[in-house]
>>> print(open('coords.cif').read())   # mmCIF, C-alpha atoms and all ligand atoms
data_coords
#
loop_
_atom_site.label_atom_id
_atom_site.label_comp_id
_atom_site.auth_asym_id
_atom_site.auth_seq_id
_atom_site.Cartn_x
_atom_site.Cartn_y
_atom_site.Cartn_z
CA MET A 1 0.00 0.00 0.00
CA ILE A 2 1.28 3.45 -0.86
CA LYS A 3 0.89 5.48 2.30
CA VAL A 4 1.30 9.19 1.76
CA ASN A 5 2.45 11.94 4.09
CA ASP A 6 -0.91 12.94 5.57
CA ASN A 7 0.37 16.43 6.24
CA PHE A 8 0.33 17.17 2.50
CA CYS A 9 -3.35 16.24 2.39
CA LYS A 10 -4.11 18.89 4.99
CA LEU A 11 -2.89 21.69 2.71
CA PRO A 12 -5.46 23.71 0.77
CA ALA A 13 -5.42 22.65 -2.89
CA GLY A 14 -3.40 25.33 -4.67
CA TYR A 15 -0.17 27.13 -3.82
CA LEU A 16 -0.99 30.86 -3.78
CA PHE A 17 0.85 31.94 -6.93
CA SER A 18 -0.32 28.90 -8.89
CA GLU A 19 -3.89 29.80 -7.95
CA VAL A 20 -3.41 33.44 -9.01
CA ALA A 21 -1.92 32.27 -12.33
CA ARG A 22 -4.82 29.85 -12.84
CA ARG A 23 -7.39 32.61 -12.37
CA ILE A 24 -5.54 34.98 -14.71
CA ASP A 25 -5.35 32.27 -17.38
CA ALA A 26 -9.06 31.56 -17.01
CA TYR A 27 -9.81 35.27 -17.46
CA ARG A 28 -7.50 35.48 -20.46
CA LYS A 29 -9.28 32.55 -22.11
CA SER A 30 -12.67 34.18 -21.71
CA HIS A 31 -11.32 37.64 -22.68
CA PRO A 32 -8.66 37.00 -25.33
CA GLU A 33 -8.62 40.68 -26.30
CA ALA A 34 -7.65 41.86 -22.79
CA GLU A 35 -4.15 43.30 -22.42
CA ILE A 36 -3.41 42.10 -18.93
CA ILE A 37 -0.68 43.78 -16.92
CA ARG A 38 0.74 41.18 -14.56
CA MET A 39 1.80 42.53 -11.18
CA GLY A 40 1.10 39.40 -9.18
CA ILE A 41 4.03 37.07 -8.55
CA GLY A 42 7.21 39.02 -7.89
CA ASP A 43 8.94 37.94 -11.07
CA VAL A 44 11.48 40.30 -12.54
CA THR A 45 11.29 41.74 -16.05
CA CYS A 46 14.72 43.34 -16.55
CA PRO A 47 17.27 41.12 -18.26
CA ILE A 48 20.29 39.74 -16.44
CA CYS A 49 23.16 42.21 -16.42
CA GLN A 50 26.00 42.08 -18.95
CA ALA A 51 28.68 41.24 -16.36
CA ALA A 52 26.78 38.08 -15.31
CA VAL A 53 25.96 37.06 -18.88
CA ASP A 54 29.62 37.50 -19.92
CA ALA A 55 30.66 35.35 -16.95
CA MET A 56 28.20 32.64 -18.02
CA HIS A 57 29.60 32.65 -21.56
CA ARG A 58 33.10 32.18 -20.18
CA ALA A 59 31.90 29.47 -17.80
CA ALA A 60 30.13 27.66 -20.64
CA ASP A 61 33.39 27.73 -22.61
CA ASP A 62 35.18 26.26 -19.58
CA GLN A 63 33.00 23.20 -20.02
CA LEU A 64 34.52 22.61 -23.50
CA SER A 65 38.01 21.82 -22.32
CA VAL A 66 39.29 18.87 -20.36
CA PHE A 67 41.42 21.30 -18.32
CA THR A 68 38.63 23.66 -17.25
CA PHE A 69 35.59 21.37 -17.30
CA HIS A 70 33.61 21.20 -14.04
CA GLY A 71 31.57 18.19 -12.99
CA TYR A 72 30.10 17.84 -9.50
CA GLY A 73 30.95 20.89 -7.48
CA PRO A 74 31.12 21.23 -3.71
CA GLU A 75 27.65 20.77 -2.21
CA GLN A 76 28.20 23.95 -0.20
CA GLY A 77 29.10 26.01 -3.28
CA TYR A 78 32.36 27.04 -4.90
CA SER A 79 34.78 28.96 -2.71
CA PHE A 80 35.19 31.63 -5.43
CA LEU A 81 31.59 32.70 -4.72
CA ARG A 82 31.53 32.07 -0.97
CA GLU A 83 34.63 34.24 -0.55
CA LYS A 84 32.95 37.12 -2.41
CA ILE A 85 29.85 36.82 -0.24
CA ALA A 86 31.89 36.80 2.98
CA GLU A 87 33.79 39.88 1.81
CA TYR A 88 31.15 42.02 0.09
CA ASP A 89 27.89 41.10 1.79
CA TYR A 90 29.31 40.78 5.30
CA LYS A 91 32.87 41.95 5.99
CA ARG A 92 32.25 45.30 4.31
CA ARG A 93 29.30 45.80 6.65
CA GLY A 94 31.48 45.00 9.63
CA ILE A 95 30.20 41.42 10.00
CA SER A 96 32.48 38.44 10.29
CA ILE A 97 31.07 35.36 8.52
CA GLY A 98 33.35 32.45 7.63
CA ILE A 99 33.04 30.85 4.21
CA ASP A 100 32.19 27.54 5.92
CA GLU A 101 29.10 29.27 7.33
CA ILE A 102 27.83 30.08 3.81
CA PHE A 103 25.91 27.53 1.74
CA ILE A 104 25.15 28.32 -1.91
CA SER A 105 21.87 26.97 -3.21
CA ASP A 106 19.36 27.21 -6.02
CA GLY A 107 17.47 29.95 -4.21
CA ALA A 108 15.92 31.12 -0.98
CA LYS A 109 12.60 29.44 -1.70
CA SER A 110 14.21 25.99 -1.60
CA ASP A 111 16.33 26.79 1.43
CA THR A 112 13.56 28.33 3.52
CA GLY A 113 11.48 25.28 2.65
CA ASN A 114 14.21 22.68 3.23
CA ILE A 115 15.73 24.06 6.42
CA GLY A 116 12.98 22.45 8.48
CA ASP A 117 14.55 19.05 7.71
CA ILE A 118 17.10 19.61 10.47
CA LEU A 119 14.57 20.64 13.12
CA SER A 120 12.23 18.53 15.21
CA SER A 121 8.64 18.21 14.08
CA ASP A 122 7.76 19.11 17.69
CA CYS A 123 9.09 22.64 17.29
CA LYS A 124 6.51 25.38 17.67
CA VAL A 125 6.52 27.92 14.86
CA ALA A 126 5.61 31.62 14.79
CA VAL A 127 5.15 33.65 11.63
CA THR A 128 4.41 37.27 10.97
CA ASP A 129 1.02 37.54 9.33
CA PRO A 130 0.67 38.14 6.34
CA VAL A 131 3.63 36.01 5.31
CA TYR A 132 5.41 34.41 2.34
CA PRO A 133 3.37 31.18 2.10
CA VAL A 134 6.39 28.90 1.77
CA TYR A 135 7.23 29.18 5.48
CA VAL A 136 3.78 28.05 6.58
CA ASP A 137 3.17 25.41 3.91
CA THR A 138 6.53 23.71 4.42
CA ASN A 139 6.03 23.55 8.17
CA VAL A 140 2.63 22.00 7.60
CA MET A 141 4.27 19.44 5.29
CA SER A 142 6.66 18.53 8.12
CA GLY A 143 3.90 18.11 10.67
CA ARG A 144 4.36 21.38 12.52
CA GLY A 145 1.08 22.93 11.42
CA GLY A 146 -1.55 21.09 13.43
CA GLU A 147 -5.03 21.53 11.96
CA LEU A 148 -6.39 24.24 9.68
CA ILE A 149 -9.18 26.01 11.54
CA ASP A 150 -10.67 29.17 10.03
CA ASP A 151 -7.63 29.93 7.85
CA ARG A 152 -5.20 29.39 10.74
CA TRP A 153 -3.01 26.42 11.56
CA SER A 154 -3.62 25.43 15.14
CA ARG A 155 0.07 24.88 16.07
CA ILE A 156 1.38 28.01 14.37
CA GLU A 157 1.42 31.35 16.16
CA TYR A 158 0.39 34.22 13.90
CA LEU A 159 1.81 37.67 14.64
CA PRO A 160 -0.46 40.18 12.92
CA CYS A 161 1.10 43.02 10.91
CA THR A 162 -1.55 45.49 9.84
CA ALA A 163 -1.96 49.22 9.37
CA GLU A 164 -3.19 49.36 13.00
CA ASN A 165 0.23 48.37 14.38
CA ASP A 166 2.23 50.03 11.56
CA PHE A 167 3.10 46.52 10.36
CA ILE A 168 5.35 46.00 13.39
CA PRO A 169 4.65 42.54 14.83
CA ALA A 170 4.36 42.15 18.59
CA LEU A 171 6.72 39.65 20.20
CA PRO A 172 5.24 36.14 20.45
CA VAL A 173 3.38 34.94 23.54
CA GLY A 174 3.31 31.20 22.77
CA ASN A 175 7.03 30.56 23.36
CA PRO A 176 7.80 29.43 19.78
CA ASP A 177 11.00 27.55 18.95
CA ILE A 178 11.20 28.88 15.40
CA ILE A 179 10.31 32.41 14.27
CA TYR A 180 10.20 33.47 10.63
CA LEU A 181 11.04 37.08 9.86
CA CYS A 182 11.32 38.48 6.33
CA TYR A 183 12.70 42.02 6.12
CA PRO A 184 12.29 44.03 3.96
CA ASN A 185 8.97 42.30 4.12
CA ASN A 186 7.22 40.27 1.51
CA PRO A 187 4.31 40.95 1.09
CA THR A 188 3.80 44.26 2.93
CA GLY A 189 6.95 46.01 1.65
CA THR A 190 7.57 47.37 5.18
CA THR A 191 10.73 47.09 7.27
CA LEU A 192 12.06 46.86 10.82
CA THR A 193 14.63 49.36 12.06
CA ARG A 194 17.83 48.23 13.71
CA ASP A 195 16.32 48.87 17.17
CA GLN A 196 13.16 46.94 16.33
CA LEU A 197 15.11 43.97 14.98
CA SER A 198 17.34 44.05 18.08
CA GLU A 199 14.27 43.32 20.22
CA TRP A 200 13.72 40.11 18.25
CA VAL A 201 17.30 39.01 18.65
CA GLU A 202 17.11 39.69 22.39
CA TYR A 203 13.86 37.76 22.57
CA ALA A 204 15.35 34.79 20.69
CA ILE A 205 18.41 34.75 22.95
CA ALA A 206 16.26 34.90 26.10
CA HIS A 207 13.85 32.20 24.89
CA LYS A 208 16.34 29.92 23.09
CA ALA A 209 14.37 30.44 19.87
CA LEU A 210 15.68 30.28 16.32
CA ILE A 211 15.04 33.17 13.91
CA MET A 212 14.79 32.29 10.23
CA PHE A 213 15.68 35.63 8.69
CA ASP A 214 14.79 35.98 5.02
CA SER A 215 16.53 38.99 3.56
CA ALA A 216 15.84 38.28 -0.10
CA TYR A 217 14.95 41.97 -0.63
CA GLU A 218 17.95 43.45 1.19
CA ALA A 219 19.24 45.16 -1.98
CA TYR A 220 16.15 47.40 -2.01
CA ILE A 221 16.86 49.04 1.35
CA THR A 222 17.26 52.80 1.14
CA SER A 223 16.66 53.88 4.77
CA PRO A 224 19.89 54.11 6.81
CA ASP A 225 18.36 52.72 10.01
CA VAL A 226 17.20 49.50 8.36
CA PRO A 227 19.70 46.64 8.79
CA HIS A 228 20.79 44.72 5.67
CA SER A 229 21.64 41.60 7.63
CA ILE A 230 20.40 40.28 10.96
CA TYR A 231 24.04 39.72 11.89
CA GLU A 232 24.40 43.50 12.21
CA ILE A 233 22.67 42.93 15.54
CA PRO A 234 25.04 41.72 18.28
CA GLY A 235 24.34 38.13 19.34
CA ALA A 236 22.32 37.27 16.22
CA GLU A 237 24.92 34.69 15.17
CA LYS A 238 23.78 32.59 18.14
CA VAL A 239 20.09 32.61 17.18
CA ALA A 240 19.61 33.29 13.47
CA ILE A 241 19.89 31.68 10.07
CA GLU A 242 19.89 34.16 7.18
CA PHE A 243 18.60 33.49 3.67
CA ARG A 244 19.68 35.56 0.67
CA SER A 245 18.74 35.37 -2.96
CA TYR A 246 20.05 36.68 -6.27
CA SER A 247 16.55 36.43 -7.75
CA LYS A 248 15.33 39.89 -6.91
CA THR A 249 18.79 41.41 -6.58
CA ALA A 250 20.06 40.41 -10.00
CA GLY A 251 17.18 38.95 -11.97
CA PHE A 252 18.08 35.30 -11.26
CA THR A 253 14.46 34.12 -10.82
CA GLY A 254 15.01 31.81 -13.80
CA LEU A 255 18.72 31.08 -13.31
CA ARG A 256 18.27 30.12 -9.62
CA CYS A 257 20.95 31.00 -7.10
CA GLY A 258 20.91 32.11 -3.49
CA TYR A 259 22.62 31.28 -0.26
CA THR A 260 22.02 30.54 3.39
CA VAL A 261 24.19 31.50 6.32
CA VAL A 262 24.22 29.06 9.22
CA PRO A 263 26.67 30.41 11.81
CA LYS A 264 28.82 27.96 13.71
CA ALA A 265 27.83 29.65 16.96
CA LEU A 266 24.23 28.57 16.40
CA LYS A 267 23.32 25.52 18.49
CA GLY A 268 20.23 23.36 18.79
CA TYR A 269 19.51 20.49 21.17
CA ASP A 270 18.80 16.83 20.51
CA SER A 271 16.16 14.84 22.38
CA THR A 272 18.63 14.09 25.19
CA GLY A 273 19.29 17.81 25.63
CA ALA A 274 22.79 17.62 24.14
CA GLU A 275 23.98 20.62 22.14
CA VAL A 276 24.17 20.15 18.36
CA SER A 277 25.66 22.44 15.69
CA LEU A 278 23.00 23.51 13.17
CA ASN A 279 25.80 24.30 10.73
CA ALA A 280 26.95 20.66 10.90
CA LEU A 281 23.41 19.35 10.44
CA TRP A 282 22.67 21.62 7.48
CA ASN A 283 25.97 20.62 5.90
CA ARG A 284 25.05 16.97 6.35
CA ARG A 285 21.62 17.57 4.88
CA GLN A 286 22.98 19.41 1.86
CA CYS A 287 25.70 16.83 1.17
CA THR A 288 23.06 14.10 1.14
CA LYS A 289 20.23 15.80 -0.71
CA PHE A 290 21.87 18.47 -2.90
CA ASN A 291 24.66 18.43 -5.47
CA GLY A 292 25.28 22.16 -5.47
CA ALA A 293 24.11 24.98 -7.70
CA SER A 294 25.48 24.80 -11.23
CA TYR A 295 29.01 26.02 -11.94
CA ILE A 296 27.82 28.37 -14.69
CA VAL A 297 25.24 30.01 -12.45
CA GLN A 298 27.72 30.41 -9.60
CA ARG A 299 30.15 32.12 -11.98
CA ALA A 300 27.31 34.48 -12.94
CA ALA A 301 26.69 35.24 -9.26
CA GLU A 302 30.40 35.83 -8.68
CA ALA A 303 30.40 38.44 -11.47
CA LEU A 304 27.78 40.46 -9.58
CA TYR A 305 30.51 41.43 -7.10
CA THR A 306 32.76 42.99 -9.77
CA PRO A 307 32.62 46.81 -10.11
CA LYS A 308 30.77 46.39 -13.43
CA GLY A 309 28.37 43.86 -11.94
CA MET A 310 27.61 46.00 -8.89
CA LYS A 311 26.94 49.06 -11.07
CA GLN A 312 24.64 47.12 -13.40
CA VAL A 313 22.73 45.54 -10.51
CA ARG A 314 22.25 48.97 -8.93
CA GLU A 315 20.81 50.34 -12.20
CA THR A 316 18.24 47.54 -12.33
CA ILE A 317 17.23 48.03 -8.70
CA ASP A 318 16.85 51.77 -9.32
CA TYR A 319 14.63 50.95 -12.29
CA TYR A 320 12.29 48.89 -10.10
CA MET A 321 12.32 51.44 -7.31
CA ARG A 322 11.24 54.10 -9.82
CA ASN A 323 8.26 51.83 -10.53
CA ALA A 324 7.62 51.55 -6.79
CA LYS A 325 7.49 55.34 -6.54
CA VAL A 326 5.09 55.57 -9.49
CA LEU A 327 2.85 53.02 -7.81
CA ARG A 328 2.97 54.56 -4.35
CA GLU A 329 2.29 58.09 -5.52
CA GLY A 330 -0.15 57.22 -8.31
CA LEU A 331 -2.27 54.90 -6.20
CA ALA A 332 -2.38 57.40 -3.34
CA GLU A 333 -3.62 59.99 -5.89
CA ALA A 334 -6.22 57.45 -6.97
CA GLY A 335 -7.51 57.56 -3.39
CA LEU A 336 -6.03 54.30 -2.14
CA GLN A 337 -4.19 53.77 1.13
CA VAL A 338 -0.75 52.40 0.24
CA PHE A 339 2.17 51.03 2.26
CA GLY A 340 5.66 49.76 1.50
CA GLY A 341 7.59 50.51 -1.67
CA ILE A 342 10.32 52.59 0.01
CA ASP A 343 12.76 49.87 1.07
CA ALA A 344 11.10 47.07 -0.89
CA PRO A 345 9.71 46.33 -4.36
CA TYR A 346 6.21 45.59 -3.04
CA ILE A 347 3.26 47.94 -2.63
CA TRP A 348 0.65 46.87 -0.11
CA ILE A 349 -2.77 48.39 -0.66
CA LYS A 350 -5.70 48.58 1.72
CA THR A 351 -8.70 47.49 -0.30
CA PRO A 352 -11.28 50.29 -0.52
CA GLY A 353 -14.62 50.17 1.28
CA GLY A 354 -13.82 47.00 3.20
CA MET A 355 -13.79 44.93 0.01
CA SER A 356 -12.32 41.43 0.35
CA SER A 357 -8.90 40.76 -1.16
CA TRP A 358 -10.25 38.35 -3.80
CA ASP A 359 -13.10 40.72 -4.72
CA PHE A 360 -10.52 43.46 -5.27
CA PHE A 361 -8.47 41.01 -7.36
CA ASP A 362 -11.53 40.33 -9.55
CA LEU A 363 -12.36 44.03 -9.79
CA LEU A 364 -8.88 45.02 -10.93
CA LEU A 365 -8.63 42.12 -13.34
CA SER A 366 -12.01 42.70 -14.94
CA LYS A 367 -12.15 46.52 -14.93
CA CYS A 368 -8.45 47.41 -15.39
CA ASN A 369 -6.93 44.19 -16.67
CA VAL A 370 -4.38 44.52 -13.92
CA ALA A 371 -3.44 41.36 -12.00
CA GLY A 372 -2.05 41.52 -8.48
CA THR A 373 -2.02 39.20 -5.48
CA PRO A 374 -4.84 39.11 -2.92
CA GLY A 375 -3.53 39.84 0.56
CA SER A 376 -5.59 37.07 2.13
CA GLY A 377 -3.46 34.56 0.22
CA PHE A 378 -0.58 35.51 2.52
CA GLY A 379 -2.49 34.82 5.73
CA PRO A 380 -5.52 35.89 7.76
CA SER A 381 -4.20 39.39 8.49
CA GLY A 382 -3.72 39.95 4.76
CA GLU A 383 -7.50 39.97 4.28
CA GLY A 384 -8.60 43.41 3.11
CA TYR A 385 -5.22 44.08 1.51
CA PHE A 386 -3.75 43.59 -1.94
CA ARG A 387 -0.18 43.40 -3.25
CA LEU A 388 1.28 44.88 -6.43
CA THR A 389 4.90 44.39 -7.44
CA ALA A 390 7.28 46.98 -8.81
CA PHE A 391 9.04 44.37 -10.94
CA GLY A 392 7.12 45.19 -14.14
CA ARG A 393 8.20 47.27 -17.12
CA TYR A 394 8.09 50.99 -16.40
CA GLU A 395 5.57 51.71 -19.21
CA ASN A 396 3.26 48.98 -17.91
CA THR A 397 3.52 50.30 -14.37
CA VAL A 398 2.55 53.80 -15.50
CA GLU A 399 -0.27 52.34 -17.60
CA ALA A 400 -1.55 50.24 -14.67
CA VAL A 401 -1.71 53.32 -12.46
CA GLU A 402 -3.59 55.25 -15.16
CA ARG A 403 -6.11 52.43 -15.45
CA LEU A 404 -6.60 52.26 -11.67
CA LYS A 405 -7.09 56.01 -11.41
CA LYS A 406 -10.18 55.71 -13.61
CA LEU A 407 -11.88 53.50 -11.04
CA GLU A 408 -12.56 56.40 -8.62
CA PHE A 409 -12.26 54.78 -5.20
C1 LIG B 501 6.52 36.58 -4.51
O1 LIG B 501 5.88 37.04 -5.44
O2 LIG B 501 6.14 36.63 -3.34
C2 LIG B 501 7.82 35.93 -4.81
O3 LIG B 501 8.19 36.16 -6.13
C3 LIG B 501 7.72 34.50 -4.65
C4 LIG B 501 9.05 33.86 -4.57
O4 LIG B 501 10.08 34.52 -4.44
O5 LIG B 501 9.04 32.63 -4.59
#
>>> encode(input="coords.cif", output="structure tokens", more="lines below")
Ligand code: MLT
Amino acid sequence: MIKVNDNFCKLPAGYLFSEVARRIDAYRKSHPEAEIIRMGIGDVTCPICQAAVDAMHRAADDQLSVFTFHGYGPEQGYSFLREKIAEYDYKRRGISIGIDEIFISDGAKSDTGNIGDILSSDCKVAVTDPVYPVYVDTNVMSGRGGELIDDRWSRIEYLPCTAENDFIPALPVGNPDIIYLCYPNNPTGTTLTRDQLSEWVEYAIAHKALIMFDSAYEAYITSPDVPHSIYEIPGAEKVAIEFRSYSKTAGFTGLRCGYTVVPKALKGYDSTGAEVSLNALWNRRQCTKFNGASYIVQRAAEALYTPKGMKQVRETIDYYMRNAKVLREGLAEAGLQVFGGIDAPYIWIKTPGGMSSWDFFDLLLSKCNVAGTPGSGFGPSGEGYFRLTAFGRYENTVEAVERLKKLEF
């Protein structure tokens, strides 16, 4: 008999972005003439920068020669890339991270999903709400969710982030073992200041909790008091794992490359209470289940740290942040209440007149042919909100705002 993992059967049918795509496709089929502007899933539209493409061409040529060919690489990633990360992403911000604390992967989505492999299914989880659905769904898959009751998993603590609390989550009350934080935040586009993040690190130290810190949108930070890495906060290396991605930084959503930092100072406990290194467990997990990101892609990522690469990446980020400004200002002029978009490529909109998130989705799709993501898809506190991304083409972003302005909220 083929017995399945019951936890998967507990999950609602569709993953959020697949469901959004399904509804857009259905609308397109019934309205083939509609010119839909897609601002739903945060997929990038600018091409990959020249420095990275040149590096990939060279790396592809390496594969032609017996002397430069690369087969299996290190499961943890090539040192040429890990050294750049340690130097540019950490040392230059005053943070000391060893290259053996850095694990290259095929992206933050996989890593934030897979990391739960090394943690007990008994662990209690807390998430900010609304939240990137991968954190919740993967914990449900591993048996940490409990039961779904009224849109909430019974074993997961939800920390609401709404306009009422300025999107600043209160510290947990349920003594969670694992806390997911994503800053700059997906989906709300809001941030935590250094002082605010320090409170979380202090909490985690005091409660022996682990913070999963997703900083996939770090490159979009413009405010000086917003930390780029959780390790800017003293003591964080004892309580936090950090996830980074080249997807939104450098347009690698299709290429796939990111990395995870698991500090050696970070310890968990086995069922006898003995201390265990999470770095050692993650290394063991990766060596068994992962053969490393591809050589060509890692060479592309390495090129992002060259002066040319850094300049080209900055230009692309500026392009998207110009879109964010157009959205923020244009939608506010249209009479909508908007949040985010200053340190992040996401605009979080309060739906007008108490409309539900999915009703607003339908309204925008049918009346403006603009597709976004319903806030309720990110969790119960996302109900009554709606997300648009700044990752579109500039002309489309301007056009979307013009279309929305005609709705008269
Ligand atoms: C999003 O739209 O939230 C992201 O693009 C999803 C992802 O990074 O997997």
>>> residues_around(input="coords.cif", residues="region 87-99 of chain A", least_positions_apart="3", cutoff="7 Å", atoms="only C-alpha atoms", output="list in words")
Arg82, Glu83, Lys84, Ile102, Tyr231 and Glu232 of chain A
>>> write_last_selection(input="coords.cif", atoms="C-alpha atoms", output="PDB file, in the coordinates of the input")
ATOM      1  CA  ARG A  82      31.530  32.070  -0.970  1.00  0.00           C
ATOM      2  CA  GLU A  83      34.630  34.240  -0.550  1.00  0.00           C
ATOM      3  CA  LYS A  84      32.950  37.120  -2.410  1.00  0.00           C
ATOM      4  CA  ILE A 102      27.830  30.080   3.810  1.00  0.00           C
ATOM      5  CA  TYR A 231      24.040  39.720  11.890  1.00  0.00           C
ATOM      6  CA  GLU A 232      24.400  43.500  12.210  1.00  0.00           C
TER       7      GLU A 232
END
>>> atom_distance(input="coords.cif", atom1="CA of Tyr78 (chain A)", atom2="CA of Glu275 (chain A)")
29.0 Å
>>> residues_near_point(input="coords.cif", point="(9.8, 45.8, -15.9)", cutoff="12 Å", atoms="all atoms listed in the file", output="VMD selection string")
chain A and resid 37 to 39 42 to 47 251 316 to 324 345 389 to 398
>>> closest_residue(input="coords.cif", among="A:Asp214, A:Ala204, A:Lys264, A:Ala52", to="Gly113 (chain A)", atoms="all atoms listed in the file")
A:Asp214
>>> residues_near_point(input="coords.cif", point="(-2.3, 48.9, 0.6)", cutoff="9 Å", atoms="all atoms listed in the file", output="ChimeraX atom specification")
/A:163,188,336-340,347-351,384-388
